[in-house]
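*Asks:* What follows is entry.pdb, PDB, N, CA and C atoms.
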```pdb
MODEL        1
ATOM      1  N   MET A   1      56.168  47.042   5.422
ATOM      2  CA  MET A   1      54.958  46.665   6.129
ATOM      3  C   MET A   1      54.021  45.944   5.164
ATOM      4  N   VAL A   2      53.427  44.866   5.618
ATOM      5  CA  VAL A   2      52.532  44.070   4.806
ATOM      6  C   VAL A   2      51.171  44.758   4.738
ATOM      7  N   LYS A   3      50.654  44.884   3.523
ATOM      8  CA  LYS A   3      49.353  45.519   3.331
ATOM      9  C   LYS A   3      48.266  44.450   3.412
ATOM     10  N   PRO A   4      47.312  44.595   4.347
ATOM     11  CA  PRO A   4      46.260  43.584   4.454
ATOM     12  C   PRO A   4      45.215  43.745   3.341
ATOM     13  N   TYR A   5      44.811  42.647   2.766
ATOM     14  CA  TYR A   5      43.787  42.656   1.730
ATOM     15  C   TYR A   5      42.579  41.890   2.241
ATOM     16  N   ASP A   6      41.391  42.408   1.985
ATOM     17  CA  ASP A   6      40.200  41.708   2.438
ATOM     18  C   ASP A   6      39.877  40.560   1.477
ATOM     19  N   LYS A   7      38.977  39.706   1.931
ATOM     20  CA  LYS A   7      38.624  38.514   1.165
ATOM     21  C   LYS A   7      38.050  38.889  -0.200
ATOM     22  N   GLN A   8      37.268  39.946  -0.261
ATOM     23  CA  GLN A   8      36.659  40.365  -1.522
ATOM     24  C   GLN A   8      37.729  40.747  -2.543
ATOM     25  N   PHE A   9      38.760  41.459  -2.092
ATOM     26  CA  PHE A   9      39.833  41.833  -3.013
ATOM     27  C   PHE A   9      40.556  40.593  -3.527
ATOM     28  N   LYS A  10      40.808  39.632  -2.636
ATOM     29  CA  LYS A  10      41.494  38.408  -3.040
ATOM     30  C   LYS A  10      40.673  37.639  -4.077
ATOM     31  N   LEU A  11      39.368  37.541  -3.813
ATOM     32  CA  LEU A  11      38.493  36.863  -4.771
ATOM     33  C   LEU A  11      38.493  37.580  -6.115
ATOM     34  N   ALA A  12      38.419  38.909  -6.069
ATOM     35  CA  ALA A  12      38.402  39.696  -7.302
ATOM     36  C   ALA A  12      39.732  39.556  -8.044
ATOM     37  N   ALA A  13      40.825  39.499  -7.307
ATOM     38  CA  ALA A  13      42.142  39.368  -7.937
ATOM     39  C   ALA A  13      42.271  38.035  -8.664
ATOM     40  N   VAL A  14      41.835  36.965  -8.033
ATOM     41  CA  VAL A  14      41.911  35.653  -8.674
ATOM     42  C   VAL A  14      40.950  35.595  -9.861
ATOM     43  N   GLN A  15      39.791  36.210  -9.726
ATOM     44  CA  GLN A  15      38.842  36.261 -10.835
ATOM     45  C   GLN A  15      39.431  37.057 -12.001
ATOM     46  N   TYR A  16      40.115  38.161 -11.678
ATOM     47  CA  TYR A  16      40.774  38.972 -12.710
ATOM     48  C   TYR A  16      41.795  38.130 -13.466
ATOM     49  N   TYR A  17      42.578  37.343 -12.730
ATOM     50  CA  TYR A  17      43.558  36.479 -13.376
ATOM     51  C   TYR A  17      42.869  35.471 -14.289
ATOM     52  N   SER A  18      41.775  34.879 -13.822
ATOM     53  CA  SER A  18      41.093  33.865 -14.633
ATOM     54  C   SER A  18      40.496  34.463 -15.900
ATOM     55  N   GLU A  19      40.183  35.752 -15.878
ATOM     56  CA  GLU A  19      39.629  36.425 -17.057
ATOM     57  C   GLU A  19      40.708  36.999 -17.971
ATOM     58  N   HIS A  20      41.925  37.132 -17.469
ATOM     59  CA  HIS A  20      43.014  37.745 -18.227
ATOM     60  C   HIS A  20      44.254  36.852 -18.243
ATOM     61  N   LYS A  21      44.058  35.576 -18.489
ATOM     62  CA  LYS A  21      45.186  34.640 -18.475
ATOM     63  C   LYS A  21      46.220  34.977 -19.537
ATOM     64  N   ASN A  22      45.804  35.712 -20.570
ATOM     65  CA  ASN A  22      46.756  36.102 -21.615
ATOM     66  C   ASN A  22      47.849  37.015 -21.052
ATOM     67  N   LEU A  23      47.585  37.707 -19.950
ATOM     68  CA  LEU A  23      48.597  38.555 -19.316
ATOM     69  C   LEU A  23      49.581  37.737 -18.485
ATOM     70  N   GLY A  24      49.179  36.553 -18.116
ATOM     71  CA  GLY A  24      50.002  35.723 -17.251
ATOM     72  C   GLY A  24      49.830  36.149 -15.798
ATOM     73  N   LEU A  25      50.291  35.304 -14.914
ATOM     74  CA  LEU A  25      50.160  35.579 -13.485
ATOM     75  C   LEU A  25      50.952  36.819 -13.089
ATOM     76  N   LYS A  26      52.151  36.960 -13.644
ATOM     77  CA  LYS A  26      52.985  38.116 -13.306
ATOM     78  C   LYS A  26      52.375  39.414 -13.818
ATOM     79  N   GLY A  27      51.830  39.400 -15.031
ATOM     80  CA  GLY A  27      51.213  40.599 -15.588
ATOM     81  C   GLY A  27      49.978  41.021 -14.804
ATOM     82  N   CYS A  28      49.166  40.055 -14.441
ATOM     83  CA  CYS A  28      47.969  40.359 -13.650
ATOM     84  C   CYS A  28      48.358  40.900 -12.276
ATOM     85  N   ALA A  29      49.347  40.277 -11.655
ATOM     86  CA  ALA A  29      49.788  40.742 -10.339
ATOM     87  C   ALA A  29      50.289  42.177 -10.424
ATOM     88  N   LYS A  30      51.043  42.478 -11.461
ATOM     89  CA  LYS A  30      51.553  43.838 -11.640
ATOM     90  C   LYS A  30      50.404  44.832 -11.814
ATOM     91  N   ASN A  31      49.407  44.473 -12.635
ATOM     92  CA  ASN A  31      48.252  45.349 -12.851
ATOM     93  C   ASN A  31      47.464  45.583 -11.569
ATOM     94  N   LEU A  32      47.434  44.582 -10.712
ATOM     95  CA  LEU A  32      46.681  44.689  -9.459
ATOM     96  C   LEU A  32      47.487  45.334  -8.336
ATOM     97  N   GLY A  33      48.788  45.477  -8.548
ATOM     98  CA  GLY A  33      49.619  46.096  -7.529
ATOM     99  C   GLY A  33      49.991  45.160  -6.395
ATOM    100  N   VAL A  34      50.024  43.862  -6.682
ATOM    101  CA  VAL A  34      50.440  42.877  -5.688
ATOM    102  C   VAL A  34      51.602  42.081  -6.271
ATOM    103  N   SER A  35      52.283  41.340  -5.417
ATOM    104  CA  SER A  35      53.406  40.548  -5.906
ATOM    105  C   SER A  35      52.895  39.276  -6.593
ATOM    106  N   TYR A  36      53.741  38.757  -7.454
ATOM    107  CA  TYR A  36      53.453  37.513  -8.157
ATOM    108  C   TYR A  36      53.197  36.387  -7.155
ATOM    109  N   GLN A  37      54.031  36.321  -6.115
ATOM    110  CA  GLN A  37      53.903  35.260  -5.122
ATOM    111  C   GLN A  37      52.578  35.360  -4.356
ATOM    112  N   THR A  38      52.168  36.589  -4.065
ATOM    113  CA  THR A  38      50.915  36.793  -3.332
ATOM    114  C   THR A  38      49.728  36.313  -4.144
ATOM    115  N   LEU A  39      49.666  36.728  -5.416
ATOM    116  CA  LEU A  39      48.552  36.313  -6.269
ATOM    117  C   LEU A  39      48.566  34.802  -6.466
ATOM    118  N   SER A  40      49.736  34.230  -6.615
ATOM    119  CA  SER A  40      49.852  32.782  -6.769
ATOM    120  C   SER A  40      49.340  32.068  -5.520
ATOM    121  N   ARG A  41      49.691  32.583  -4.349
ATOM    122  CA  ARG A  41      49.238  31.985  -3.088
ATOM    123  C   ARG A  41      47.721  32.086  -2.951
ATOM    124  N   TRP A  42      47.149  33.254  -3.285
ATOM    125  CA  TRP A  42      45.692  33.423  -3.209
ATOM    126  C   TRP A  42      45.001  32.441  -4.145
ATOM    127  N   LYS A  43      45.539  32.298  -5.335
ATOM    128  CA  LYS A  43      44.956  31.391  -6.321
ATOM    129  C   LYS A  43      44.956  29.962  -5.771
ATOM    130  N   LYS A  44      46.058  29.555  -5.188
ATOM    131  CA  LYS A  44      46.170  28.211  -4.628
ATOM    132  C   LYS A  44      45.211  28.022  -3.447
ATOM    133  N   GLU A  45      45.177  29.001  -2.546
ATOM    134  CA  GLU A  45      44.299  28.909  -1.372
ATOM    135  C   GLU A  45      42.831  28.824  -1.786
ATOM    136  N   LEU A  46      42.446  29.642  -2.750
ATOM    137  CA  LEU A  46      41.047  29.659  -3.165
ATOM    138  C   LEU A  46      40.681  28.399  -3.940
ATOM    139  N   ARG A  47      41.628  27.871  -4.698
ATOM    140  CA  ARG A  47      41.380  26.628  -5.426
ATOM    141  C   ARG A  47      41.181  25.484  -4.431
ATOM    142  N   GLU A  48      41.999  25.448  -3.397
ATOM    143  CA  GLU A  48      41.907  24.378  -2.406
ATOM    144  C   GLU A  48      40.658  24.490  -1.539
ATOM    145  N   SER A  49      40.256  25.713  -1.232
ATOM    146  CA  SER A  49      39.073  25.890  -0.379
ATOM    147  C   SER A  49      37.776  25.915  -1.181
ATOM    148  N   ARG A  50      37.898  25.986  -2.497
ATOM    149  CA  ARG A  50      36.740  25.996  -3.415
ATOM    150  C   ARG A  50      35.769  27.121  -3.091
ATOM    151  N   VAL A  51      36.306  28.284  -2.760
ATOM    152  CA  VAL A  51      35.479  29.433  -2.416
ATOM    153  C   VAL A  51      34.951  30.124  -3.663
ATOM    154  N   ILE A  52      35.733  30.119  -4.723
ATOM    155  CA  ILE A  52      35.335  30.826  -5.937
ATOM    156  C   ILE A  52      34.325  29.986  -6.704
ATOM    157  N   HIS A  53      33.214  30.603  -7.035
ATOM    158  CA  HIS A  53      32.183  29.939  -7.808
ATOM    159  C   HIS A  53      32.242  30.462  -9.235
ATOM    160  N   PRO A  54      32.003  29.619 -10.194
ATOM    161  CA  PRO A  54      32.067  30.080 -11.580
ATOM    162  C   PRO A  54      31.015  31.136 -11.872
ATOM    163  N   ARG A  55      31.366  32.049 -12.742
ATOM    164  CA  ARG A  55      30.417  33.089 -13.120
ATOM    165  C   ARG A  55      29.297  32.511 -13.965
ATOM    166  N   ASP A  56      28.170  33.198 -13.936
ATOM    167  CA  ASP A  56      27.008  32.809 -14.723
ATOM    168  C   ASP A  56      26.579  31.376 -14.452
ATOM    169  N   SER A  57      26.690  30.950 -13.204
ATOM    170  CA  SER A  57      26.309  29.588 -12.863
ATOM    171  C   SER A  57      24.821  29.479 -12.568
ATOM    172  N   GLY A  58      24.096  30.591 -12.663
ATOM    173  CA  GLY A  58      22.661  30.550 -12.451
ATOM    174  C   GLY A  58      22.249  30.649 -10.997
ATOM    175  N   ASN A  59      23.141  31.039 -10.127
ATOM    176  CA  ASN A  59      22.831  31.130  -8.706
ATOM    177  C   ASN A  59      22.326  32.514  -8.318
ATOM    178  N   TYR A  60      21.483  33.097  -9.126
ATOM    179  CA  TYR A  60      20.959  34.430  -8.855
ATOM    180  C   TYR A  60      19.498  34.310  -8.445
ATOM    181  N   SER A  61      19.111  35.137  -7.480
ATOM    182  CA  SER A  61      17.740  35.066  -6.985
ATOM    183  C   SER A  61      16.756  35.707  -7.949
ATOM    184  N   SER A  62      17.234  36.588  -8.822
ATOM    185  CA  SER A  62      16.349  37.238  -9.788
ATOM    186  C   SER A  62      17.171  37.804 -10.934
ATOM    187  N   ASP A  63      16.476  38.282 -11.949
ATOM    188  CA  ASP A  63      17.168  38.941 -13.065
ATOM    189  C   ASP A  63      17.856  40.211 -12.595
ATOM    190  N   LEU A  64      17.255  40.879 -11.616
ATOM    191  CA  LEU A  64      17.848  42.097 -11.076
ATOM    192  C   LEU A  64      19.187  41.786 -10.396
ATOM    193  N   ALA A  65      19.248  40.709  -9.647
ATOM    194  CA  ALA A  65      20.494  40.316  -8.997
ATOM    195  C   ALA A  65      21.558  39.977 -10.032
ATOM    196  N   LYS A  66      21.167  39.293 -11.089
ATOM    197  CA  LYS A  66      22.102  38.952 -12.163
ATOM    198  C   LYS A  66      22.618  40.220 -12.837
ATOM    199  N   GLU A  67      21.733  41.169 -13.076
ATOM    200  CA  GLU A  67      22.130  42.442 -13.690
ATOM    201  C   GLU A  67      23.069  43.219 -12.772
ATOM    202  N   ASN A  68      22.804  43.199 -11.467
ATOM    203  CA  ASN A  68      23.696  43.863 -10.513
ATOM    204  C   ASN A  68      25.099  43.278 -10.569
ATOM    205  N   VAL A  69      25.199  41.967 -10.629
ATOM    206  CA  VAL A  69      26.498  41.317 -10.707
ATOM    207  C   VAL A  69      27.204  41.712 -12.001
ATOM    208  N   ARG A  70      26.468  41.725 -13.103
ATOM    209  CA  ARG A  70      27.053  42.090 -14.387
ATOM    210  C   ARG A  70      27.565  43.526 -14.365
ATOM    211  N   LEU A  71      26.774  44.435 -13.798
ATOM    212  CA  LEU A  71      27.186  45.835 -13.738
ATOM    213  C   LEU A  71      28.372  46.043 -12.804
ATOM    214  N   LYS A  72      28.409  45.324 -11.696
ATOM    215  CA  LYS A  72      29.554  45.421 -10.791
ATOM    216  C   LYS A  72      30.824  44.934 -11.481
ATOM    217  N   CYS A  73      30.698  43.867 -12.242
ATOM    218  CA  CYS A  73      31.842  43.343 -12.983
ATOM    219  C   CYS A  73      32.308  44.353 -14.024
ATOM    220  N   GLN A  74      31.368  44.940 -14.723
ATOM    221  CA  GLN A  74      31.701  45.944 -15.732
ATOM    222  C   GLN A  74      32.372  47.157 -15.087
ATOM    223  N   LEU A  75      31.875  47.580 -13.943
ATOM    224  CA  LEU A  75      32.475  48.705 -13.225
ATOM    225  C   LEU A  75      33.892  48.369 -12.782
ATOM    226  N   ARG A  76      34.084  47.174 -12.238
ATOM    227  CA  ARG A  76      35.412  46.752 -11.798
ATOM    228  C   ARG A  76      36.393  46.729 -12.969
ATOM    229  N   ASN A  77      35.955  46.186 -14.095
ATOM    230  CA  ASN A  77      36.823  46.144 -15.272
ATOM    231  C   ASN A  77      37.159  47.547 -15.759
ATOM    232  N   THR A  78      36.182  48.444 -15.740
ATOM    233  CA  THR A  78      36.412  49.823 -16.163
ATOM    234  C   THR A  78      37.386  50.520 -15.223
ATOM    235  N   GLU A  79      37.238  50.284 -13.926
ATOM    236  CA  GLU A  79      38.162  50.879 -12.950
ATOM    237  C   GLU A  79      39.580  50.351 -13.150
ATOM    238  N   GLU A  80      39.701  49.059 -13.476
ATOM    239  CA  GLU A  80      41.023  48.478 -13.728
ATOM    240  C   GLU A  80      41.681  49.134 -14.944
ATOM    241  N   VAL A  81      40.905  49.330 -15.988
ATOM    242  CA  VAL A  81      41.433  49.975 -17.186
ATOM    243  C   VAL A  81      41.843  51.407 -16.871
ATOM    244  N   LEU A  82      41.031  52.099 -16.109
ATOM    245  CA  LEU A  82      41.346  53.470 -15.724
ATOM    246  C   LEU A  82      42.631  53.535 -14.916
ATOM    247  N   ASP A  83      42.820  52.600 -13.986
ATOM    248  CA  ASP A  83      44.048  52.559 -13.197
ATOM    249  C   ASP A  83      45.270  52.341 -14.080
ATOM    250  N   VAL A  84      45.144  51.443 -15.052
ATOM    251  CA  VAL A  84      46.259  51.189 -15.976
ATOM    252  C   VAL A  84      46.565  52.443 -16.785
ATOM    253  N   LEU A  85      45.526  53.115 -17.252
ATOM    254  CA  LEU A  85      45.728  54.345 -18.024
ATOM    255  C   LEU A  85      46.380  55.436 -17.182
ATOM    256  N   LYS A  86      45.977  55.548 -15.924
ATOM    257  CA  LYS A  86      46.593  56.538 -15.031
ATOM    258  C   LYS A  86      48.072  56.245 -14.841
ATOM    259  N   LYS A  87      48.411  54.971 -14.667
ATOM    260  CA  LYS A  87      49.812  54.590 -14.512
ATOM    261  C   LYS A  87      50.597  54.907 -15.782
ATOM    262  N   ALA A  88      49.996  54.654 -16.932
ATOM    263  CA  ALA A  88      50.658  54.930 -18.208
ATOM    264  C   ALA A  88      50.893  56.424 -18.376
ATOM    265  N   ILE A  89      49.923  57.235 -17.994
ATOM    266  CA  ILE A  89      50.072  58.692 -18.085
ATOM    267  C   ILE A  89      51.195  59.147 -17.189
ATOM    268  N   ASN A  90      51.278  58.598 -15.975
ATOM    269  CA  ASN A  90      52.352  58.969 -15.052
ATOM    270  C   ASN A  90      53.720  58.578 -15.604
ATOM    271  N   ILE A  91      53.800  57.422 -16.215
ATOM    272  CA  ILE A  91      55.072  56.959 -16.781
ATOM    273  C   ILE A  91      55.469  57.836 -17.973
ATOM    274  N   LEU A  92      54.526  58.077 -18.864
ATOM    275  CA  LEU A  92      54.831  58.858 -20.064
ATOM    276  C   LEU A  92      54.992  60.340 -19.770
ATOM    277  N   GLY A  93      54.378  60.805 -18.694
ATOM    278  CA  GLY A  93      54.450  62.206 -18.342
ATOM    279  C   GLY A  93      55.776  62.600 -17.715
ATOM    280  N   ASN A  94      56.535  61.629 -17.234
ATOM    281  CA  ASN A  94      57.814  61.929 -16.568
ATOM    282  C   ASN A  94      58.930  62.023 -17.513
TER
ENDMDL
END
```
Re-express the file's structure as structure tokens.
*Replies:*
Amino acid sequence: MVKPYDKQFKLAAVQYYSEHKNLGLKGCAKNLGVSYQTLSRWKKELRESRVIHPRDSGNYSSDLAKENVRLKCQLRNTEEVLDVLKKAINILGN
């Protein structure tokens, strides 16, 4: 069964890839729990539709909004690291 992903997850996944290109598309897809083909398709679709805006482009209504975005990004990155660590514990624990 195909798992539906919302637009926010797709945007975050492509953003994750753009921030972690050293992992490659396959490595990022594996970390996110999606297939290589899916992440590649999302990347292509978002590039063609120009939905993704570059970070720190100055499109914030206030310093508070900018700080909120920064903290959300930091939280997302921390959650990603935690997920990887949980997977590693499960692998090493078996």
*Asks:* DSSP on the backbone: what in chain A comes out helix (DSSP H, G or I), as a ChimeraX atom specification?
*Replies:* /A:7-19,21-32,36-49,63-93
*Asks:* Could you list, with a cut-off of 8 Å and counting all atoms listed in the file, the residues of range 19-38 of chain A near range 42-48 of chain A, each shown with its nearest atom pair and the distance in Å rounded to one decimal, rows sorted by chain and ascending number, as CSV?
*Replies:*
```
residue,atom,partner,partner_atom,distance
A:Tyr36,C,A:Trp42,N,7.8
A:Gln37,C,A:Trp42,N,5.9
A:Thr38,C,A:Trp42,N,4.1
```
*Asks:* Mind checking which residues fall within 8 Å of range 76-87 of chain A, counting all atoms listed in the file, ignoring those fewer than 6 positions away in the same chain, and posting them as a PDB file with N, CA and C atoms, in the coordinates of the input?
*Replies:*
```
ATOM      1  N   ASN A  31      49.407  44.473 -12.635  1.00  0.00           N
ATOM      2  CA  ASN A  31      48.252  45.349 -12.851  1.00  0.00           C
ATOM      3  C   ASN A  31      47.464  45.583 -11.569  1.00  0.00           C
ATOM      4  N   ARG A  70      26.468  41.725 -13.103  1.00  0.00           N
ATOM      5  CA  ARG A  70      27.053  42.090 -14.387  1.00  0.00           C
ATOM      6  C   ARG A  70      27.565  43.526 -14.365  1.00  0.00           C
ATOM      7  N   GLY A  93      54.378  60.805 -18.694  1.00  0.00           N
ATOM      8  CA  GLY A  93      54.450  62.206 -18.342  1.00  0.00           C
ATOM      9  C   GLY A  93      55.776  62.600 -17.715  1.00  0.00           C
TER      10      GLY A  93
END
```
*Asks:* Mind pulling up the distance from atom C of Ser40 in chain A to atom C of Leu23 in chain A?
*Replies:*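 Between atom C of Leu23 in chain A and atom C of Ser40 in chain A the gap works out to 14.2 Å.
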*Asks:* Provide the atom C of Lys26 in chain A to CA of Leu39 in chain A distance in Å, to one decimal place.
*Replies:*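 Going from atom C of Lys26 in chain A over to CA of Leu39 in chain A, I get 9.0 Å.
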*Asks:* Quote the spacing between CA of Lys72 in chain A and CA of Arg41 in chain A in Å to one decimal place.
*Replies:*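 Separation between CA of Lys72 in chain A and CA of Arg41 in chain A: 25.0 Å.
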*Asks:* First collect every listed atom of range 72-75 of chain A; then fit an axis-aligned box around them, widen it by 5 Å on each side, and give centre and edge lengths in Å to one decimal, as AutoDock Vina command-line options.
*Replies:*
```
--center_x 31.2 --center_y 46.0 --center_z -13.3 --size_x 15.5 --size_y 15.4 --size_z 14.9
```
*Asks:* Could you write out as a list in words the residues that the PyMOL selection byres ((chain A and resi 7-18) around 7) matches in the shown file?
*Replies:* Tyr5, Asp6, Glu19, His20, Lys21, Asn22, Gly24, Leu25, Cys28, Leu39, Trp42, Lys43 and Ile52 of chain A
